[in-house]
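**Student:** To start, I am sharing the structure in question, which I have written as structure tokens.
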Amino acid sequence: MPVAILVGGQWGDEGKGKVIDILAGSTDMVIRSQGGNNAGHTVVHDGVTHKFHLIPSGILFPNCLCVIGNGTVLDPRVLLQEIDALHDQGIDTNHLVISDRAHMIMPYHPVFDRLEEEARGDDRLGTTFRGIGPAYSDKIRRIGFRIGDLTKPRFMEKKLNFVLRLKNEILRDLYHTDEFNEKEILDEYTAIGERLASYIQDIFPMVQDALQEDQNILLEGAQGALLDLDFGTYPYVTSSSPTAGGALTGSGIPPREVDTTIGVFKAYTSRVGYGPMPTELDEVEGDVLRELGAEFGTTTGRARRVGWFDGAVARYSAMLNGVDSVALTKLDVLSQYETLQVCTGYFHKGEYHRFPMSNISHLKHSEPVYEELPGWQTSIADAKTWEDLPENCQRYVERLGELIGAPCDIISVGPSREQTIFRHRPY
Ligand code: GDP
Ligand code: IMO
Ligand code: MG
């Protein structure tokens, strides 16, 4: 019963890290179920800012088992750096577990990511260059390496011999660039495998036992619904399924065990990389909101594109994920505005659309329908209860809840744990 899925409701960076950290205090197990180190989840605690790319955002709680699930693609070099950084800060990682079924980002994956982006020219996607697409492609092609393979050096060697022949041929003949050396990769990854060995296991029995024991399990999503491979703005998406469905395949939990789905939504919209974003603000207005919200990427440092809250996107992702409960973040960022615009749908060639269309060219050229709401023009960063929020702010939250189709149970008014209002505990 107590399984909760947490998903990003927009284009990522909704503040999932903060919300997971808050919930992790009363959670037995957090399972990161998809994506890789394209994700950047920020947790601010005791004045320290932690940026997690692979390690689940529950890691600051020693009693919360943090699992990197089978649906992820994991760069073992980055993972080691993250583990080392935590140890340097005196944070224990004995409660970290890695599924042996998780796929590995191999040294050639980021190289292919960059080469493919360059080859696309003007049609590039704006990926994070972390090798995510190439690693998931190899998983689907069945030429991927799983982290459990690190314990099987003979198997690794034989398979790498075959896979590198494919990779090096393309590097050499198509891209006219350096090839990879089998022995170098084997040596490096074998050494990494030894360091990671104590974390790696088949998580299936452990997760099933936790379900039997009715433990509280939180499935940590990365990215957001509009970056979903099937339902996002394809091809301007990531290469996994950051939706509730993806959370289940990425962790091995059956649908009947899910109690609630929490959607994290930013009180406005942001997006990194290319692709349509109907409510995007122009350069001048965008700069203002970007500065107010400090919208610069956690992973790549890129300036995020920003815009008004898109109710059509929110409605779509809430229905797609079956969102029961909303965590609304960064509400404080809007405190200066005299009036706020909220998009409720789009017009394209005279036709009204209540959802983002699958045709991204239509979406790009659609006209958002805006509703204007009064701002509150006072700081809410210290608000502790719903009653502390000004009336116009409450109205804004209620309207967003109506558009999303689920109650805003958690309201975040700043980056730290304390800056959170609980109207209801979602689970
Ligand atoms: P994630 O990828 O969904 O975990 O989000 P990121 O961590 O990439 O980006 C969210 C950013 O907003 C981080 O810098 C957070 O510290 C910050 N943040 C989260 N919640 C709030 C909030 O309510 N108000 C403000 N001002 N910042 C927030
Ligand atoms: P979190 O978990 C925002 C975007 C990239 C690019 C597209 C494809 O922090 O919300 P990829 O490297 O995945 O092949 O890039 O997806 N993207 C994200 N944008 N937040 C993220 O993660 C993202 N992960 C990938 O910017 O547009
Ligand atoms: Mg992020």
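Every chain in the structure tokens has a letter given in the order shown (A, B, ...), and although residue numbers restart at 1 in each chain, ligands are simply numbered from 1 in the order shown.
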For stretch 118-133 of chain A, list every protein, DNA or RNA residue within 8 Å, evaluated using only C-alpha atoms, and leave out those in the same chain fewer than 3 positions away; present the list as a list in words.
**Tutor:** Gly35, Gly36, Asn37, Asn38, Val73, Ile105, Tyr108, His109, Pro110, Val111, Phe112, Asp113, Arg114, Leu115, Tyr136, Ser137, Pro235, Tyr236, Val237, Thr238, Ser239, Val272, Gly273, Tyr274, Gly275, Thr299 and Thr300 of chain A
**Student:** With N, CA and C atoms retained, export the selected residues as a JSON list (two decimals), in the first residue's frame.
**Tutor:**
[["chain", "number", "residue", "atom", "x", "y", "z"],
["A", 35, "GLY", "N", 16.54, 7.39, -16.12],
["A", 35, "GLY", "CA", 17.46, 8.50, -16.40],
["A", 35, "GLY", "C", 18.86, 8.19, -15.91],
["A", 36, "GLY", "N", 19.72, 9.16, -16.06],
["A", 36, "GLY", "CA", 21.10, 8.99, -15.62],
["A", 36, "GLY", "C", 21.61, 10.29, -15.05],
["A", 37, "ASN", "N", 22.88, 10.60, -15.35],
["A", 37, "ASN", "CA", 23.41, 11.84, -14.79],
["A", 37, "ASN", "C", 23.11, 13.04, -15.69],
["A", 38, "ASN", "N", 22.10, 12.90, -16.56],
["A", 38, "ASN", "CA", 21.49, 14.08, -17.18],
["A", 38, "ASN", "C", 20.69, 14.83, -16.13],
["A", 73, "VAL", "N", 20.43, 4.54, -16.38],
["A", 73, "VAL", "CA", 21.73, 4.32, -17.04],
["A", 73, "VAL", "C", 22.76, 5.07, -16.20],
["A", 105, "ILE", "N", 26.78, 3.61, -18.53],
["A", 105, "ILE", "CA", 27.26, 4.52, -19.57],
["A", 105, "ILE", "C", 28.73, 4.17, -19.76],
["A", 108, "TYR", "N", 32.48, 5.47, -24.43],
["A", 108, "TYR", "CA", 32.18, 5.95, -25.78],
["A", 108, "TYR", "C", 30.79, 6.60, -25.88],
["A", 109, "HIS", "N", 29.93, 6.40, -24.91],
["A", 109, "HIS", "CA", 28.57, 6.96, -25.03],
["A", 109, "HIS", "C", 28.54, 8.49, -25.04],
["A", 110, "PRO", "N", 29.22, 9.18, -24.12],
["A", 110, "PRO", "CA", 29.21, 10.66, -24.21],
["A", 110, "PRO", "C", 29.84, 11.16, -25.51],
["A", 111, "VAL", "N", 30.82, 10.40, -26.02],
["A", 111, "VAL", "CA", 31.48, 10.81, -27.27],
["A", 111, "VAL", "C", 30.47, 10.74, -28.42],
["A", 112, "PHE", "N", 29.72, 9.64, -28.48],
["A", 112, "PHE", "CA", 28.70, 9.52, -29.52],
["A", 112, "PHE", "C", 27.60, 10.57, -29.36],
["A", 113, "ASP", "N", 27.26, 10.87, -28.12],
["A", 113, "ASP", "CA", 26.22, 11.88, -27.85],
["A", 113, "ASP", "C", 26.63, 13.21, -28.49],
["A", 114, "ARG", "N", 27.87, 13.60, -28.28],
["A", 114, "ARG", "CA", 28.38, 14.87, -28.81],
["A", 114, "ARG", "C", 28.47, 14.82, -30.35],
["A", 115, "LEU", "N", 29.00, 13.72, -30.85],
["A", 115, "LEU", "CA", 29.17, 13.62, -32.31],
["A", 115, "LEU", "C", 27.81, 13.64, -33.02],
["A", 136, "TYR", "N", 21.01, 4.27, -23.71],
["A", 136, "TYR", "CA", 19.69, 3.61, -23.81],
["A", 136, "TYR", "C", 19.53, 2.93, -25.17],
["A", 137, "SER", "N", 20.11, 3.52, -26.23],
["A", 137, "SER", "CA", 20.01, 2.86, -27.55],
["A", 137, "SER", "C", 20.68, 1.50, -27.50],
["A", 235, "PRO", "N", 11.21, 14.83, -31.27],
["A", 235, "PRO", "CA", 12.38, 14.16, -30.70],
["A", 235, "PRO", "C", 13.10, 14.98, -29.61],
["A", 236, "TYR", "N", 12.50, 16.10, -29.21],
["A", 236, "TYR", "CA", 13.16, 16.94, -28.19],
["A", 236, "TYR", "C", 12.82, 16.40, -26.80],
["A", 237, "VAL", "N", 13.28, 15.22, -26.54],
["A", 237, "VAL", "CA", 12.96, 14.50, -25.30],
["A", 237, "VAL", "C", 14.22, 13.81, -24.80],
["A", 238, "THR", "N", 14.11, 13.17, -23.67],
["A", 238, "THR", "CA", 15.21, 12.33, -23.22],
["A", 238, "THR", "C", 14.94, 10.90, -23.69],
["A", 239, "SER", "N", 15.83, 9.97, -23.38],
["A", 239, "SER", "CA", 15.68, 8.63, -23.96],
["A", 239, "SER", "C", 15.08, 7.62, -23.00],
["A", 272, "VAL", "N", 15.14, 23.18, -20.53],
["A", 272, "VAL", "CA", 16.53, 23.29, -20.98],
["A", 272, "VAL", "C", 16.64, 22.54, -22.30],
["A", 273, "GLY", "N", 17.37, 23.08, -23.24],
["A", 273, "GLY", "CA", 17.48, 22.40, -24.53],
["A", 273, "GLY", "C", 16.44, 22.94, -25.49],
["A", 274, "TYR", "N", 16.39, 22.32, -26.68],
["A", 274, "TYR", "CA", 15.51, 22.85, -27.73],
["A", 274, "TYR", "C", 14.15, 22.17, -27.71],
["A", 275, "GLY", "N", 13.28, 22.63, -28.63],
["A", 275, "GLY", "CA", 11.94, 22.04, -28.73],
["A", 275, "GLY", "C", 10.88, 23.04, -28.33],
["A", 299, "THR", "N", 22.93, 20.56, -13.87],
["A", 299, "THR", "CA", 23.90, 19.64, -14.46],
["A", 299, "THR", "C", 24.86, 20.35, -15.40],
["A", 300, "THR", "N", 24.31, 21.17, -16.30],
["A", 300, "THR", "CA", 25.16, 21.76, -17.34],
["A", 300, "THR", "C", 25.40, 23.26, -17.14]]
**Student:** Name the residues, by chain letter and number, that sit within 9 Å of ligand 3 using only C-alpha atoms and all ligand atoms, and give them as a count of residues only.
**Tutor:** 19
**Student:** A:Arg165: which residues within 12 Å, counting only C-alpha atoms, same-chain residues fewer than 5 positions away excluded, as a ChimeraX atom specification?
**Tutor:** /A:143,158-160,170-173,179-182
**Student:** Deliver the residues from the most recent selection as a file, using N, CA, C and O atoms, as a PDB file, in the first residue's frame.
**Tutor:**
ATOM      1  N   ILE A 143      23.171  -4.475 -26.850  1.00  0.00           N
ATOM      2  CA  ILE A 143      24.637  -4.475 -26.820  1.00  0.00           C
ATOM      3  C   ILE A 143      25.122  -3.590 -25.661  1.00  0.00           C
ATOM      4  O   ILE A 143      26.227  -3.073 -25.670  1.00  0.00           O
ATOM      5  N   LYS A 158      34.811 -10.407 -23.626  1.00  0.00           N
ATOM      6  CA  LYS A 158      34.310 -10.999 -24.878  1.00  0.00           C
ATOM      7  C   LYS A 158      33.302 -10.048 -25.536  1.00  0.00           C
ATOM      8  O   LYS A 158      33.367  -9.770 -26.736  1.00  0.00           O
ATOM      9  N   LYS A 159      32.410  -9.545 -24.731  1.00  0.00           N
ATOM     10  CA  LYS A 159      31.366  -8.682 -25.289  1.00  0.00           C
ATOM     11  C   LYS A 159      31.952  -7.358 -25.770  1.00  0.00           C
ATOM     12  O   LYS A 159      31.578  -6.830 -26.816  1.00  0.00           O
ATOM     13  N   LEU A 160      32.871  -6.807 -24.974  1.00  0.00           N
ATOM     14  CA  LEU A 160      33.459  -5.516 -25.352  1.00  0.00           C
ATOM     15  C   LEU A 160      34.228  -5.633 -26.663  1.00  0.00           C
ATOM     16  O   LEU A 160      34.235  -4.711 -27.486  1.00  0.00           O
ATOM     17  N   ILE A 170      32.463   2.958 -36.664  1.00  0.00           N
ATOM     18  CA  ILE A 170      31.719   4.212 -36.896  1.00  0.00           C
ATOM     19  C   ILE A 170      32.607   5.415 -36.577  1.00  0.00           C
ATOM     20  O   ILE A 170      32.647   6.395 -37.330  1.00  0.00           O
ATOM     21  N   LEU A 171      33.328   5.322 -35.474  1.00  0.00           N
ATOM     22  CA  LEU A 171      34.204   6.455 -35.092  1.00  0.00           C
ATOM     23  C   LEU A 171      35.238   6.713 -36.188  1.00  0.00           C
ATOM     24  O   LEU A 171      35.499   7.864 -36.551  1.00  0.00           O
ATOM     25  N   ARG A 172      35.789   5.633 -36.680  1.00  0.00           N
ATOM     26  CA  ARG A 172      36.858   5.749 -37.675  1.00  0.00           C
ATOM     27  C   ARG A 172      36.304   6.184 -39.041  1.00  0.00           C
ATOM     28  O   ARG A 172      36.710   7.190 -39.602  1.00  0.00           O
ATOM     29  N   ASP A 173      35.313   5.417 -39.532  1.00  0.00           N
ATOM     30  CA  ASP A 173      34.910   5.607 -40.929  1.00  0.00           C
ATOM     31  C   ASP A 173      33.872   6.712 -41.125  1.00  0.00           C
ATOM     32  O   ASP A 173      33.835   7.348 -42.164  1.00  0.00           O
ATOM     33  N   GLU A 179      39.644   6.167 -31.960  1.00  0.00           N
ATOM     34  CA  GLU A 179      38.949   4.933 -31.572  1.00  0.00           C
ATOM     35  C   GLU A 179      39.185   4.659 -30.079  1.00  0.00           C
ATOM     36  O   GLU A 179      40.074   5.249 -29.478  1.00  0.00           O
ATOM     37  N   PHE A 180      38.412   3.735 -29.541  1.00  0.00           N
ATOM     38  CA  PHE A 180      38.591   3.360 -28.133  1.00  0.00           C
ATOM     39  C   PHE A 180      39.415   2.081 -28.017  1.00  0.00           C
ATOM     40  O   PHE A 180      39.329   1.206 -28.868  1.00  0.00           O
ATOM     41  N   ASN A 181      40.187   2.012 -26.937  1.00  0.00           N
ATOM     42  CA  ASN A 181      41.052   0.871 -26.698  1.00  0.00           C
ATOM     43  C   ASN A 181      40.399  -0.071 -25.681  1.00  0.00           C
ATOM     44  O   ASN A 181      40.029   0.342 -24.579  1.00  0.00           O
ATOM     45  N   GLU A 182      40.276  -1.321 -26.085  1.00  0.00           N
ATOM     46  CA  GLU A 182      39.559  -2.296 -25.269  1.00  0.00           C
ATOM     47  C   GLU A 182      40.194  -2.468 -23.887  1.00  0.00           C
ATOM     48  O   GLU A 182      39.510  -2.450 -22.861  1.00  0.00           O
TER      49      GLU A 182
END
**Student:** Nearest to ligand 2 among A:Val326, A:Ala312, A:Leu54, A:Ala381, with distances taken over only C-alpha atoms and all ligand atoms: which residue is it?
**Tutor:** A:Leu54
**Student:** State, in Å with one decimal place, the distance from atom 19 (N, counted along the ligand's line) of ligand 2 to atom CA of A:Pro368.
**Tutor:** 22.1 Å
**Student:** As an NGL selection string, please: every residue in stretch 179-382 of chain A that a backbone DSSP assignment puts in strand (DSSP E or B).
**Tutor:** :A and (200-201 or 217-220 or 258-266 or 269-271 or 280 or 296 or 303 or 305-307 or 309-310 or 325-329 or 339-348 or 351-353 or 367-374)
**Student:** Which one is closest to A:Ser366: A:Gly47, A:Pro276, A:Gly90, A:Pro255? Count only C-alpha atoms.
**Tutor:**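 Among A:Gly47, A:Pro276, A:Gly90, A:Pro255, it is A:Pro276 that comes nearest to A:Ser366.
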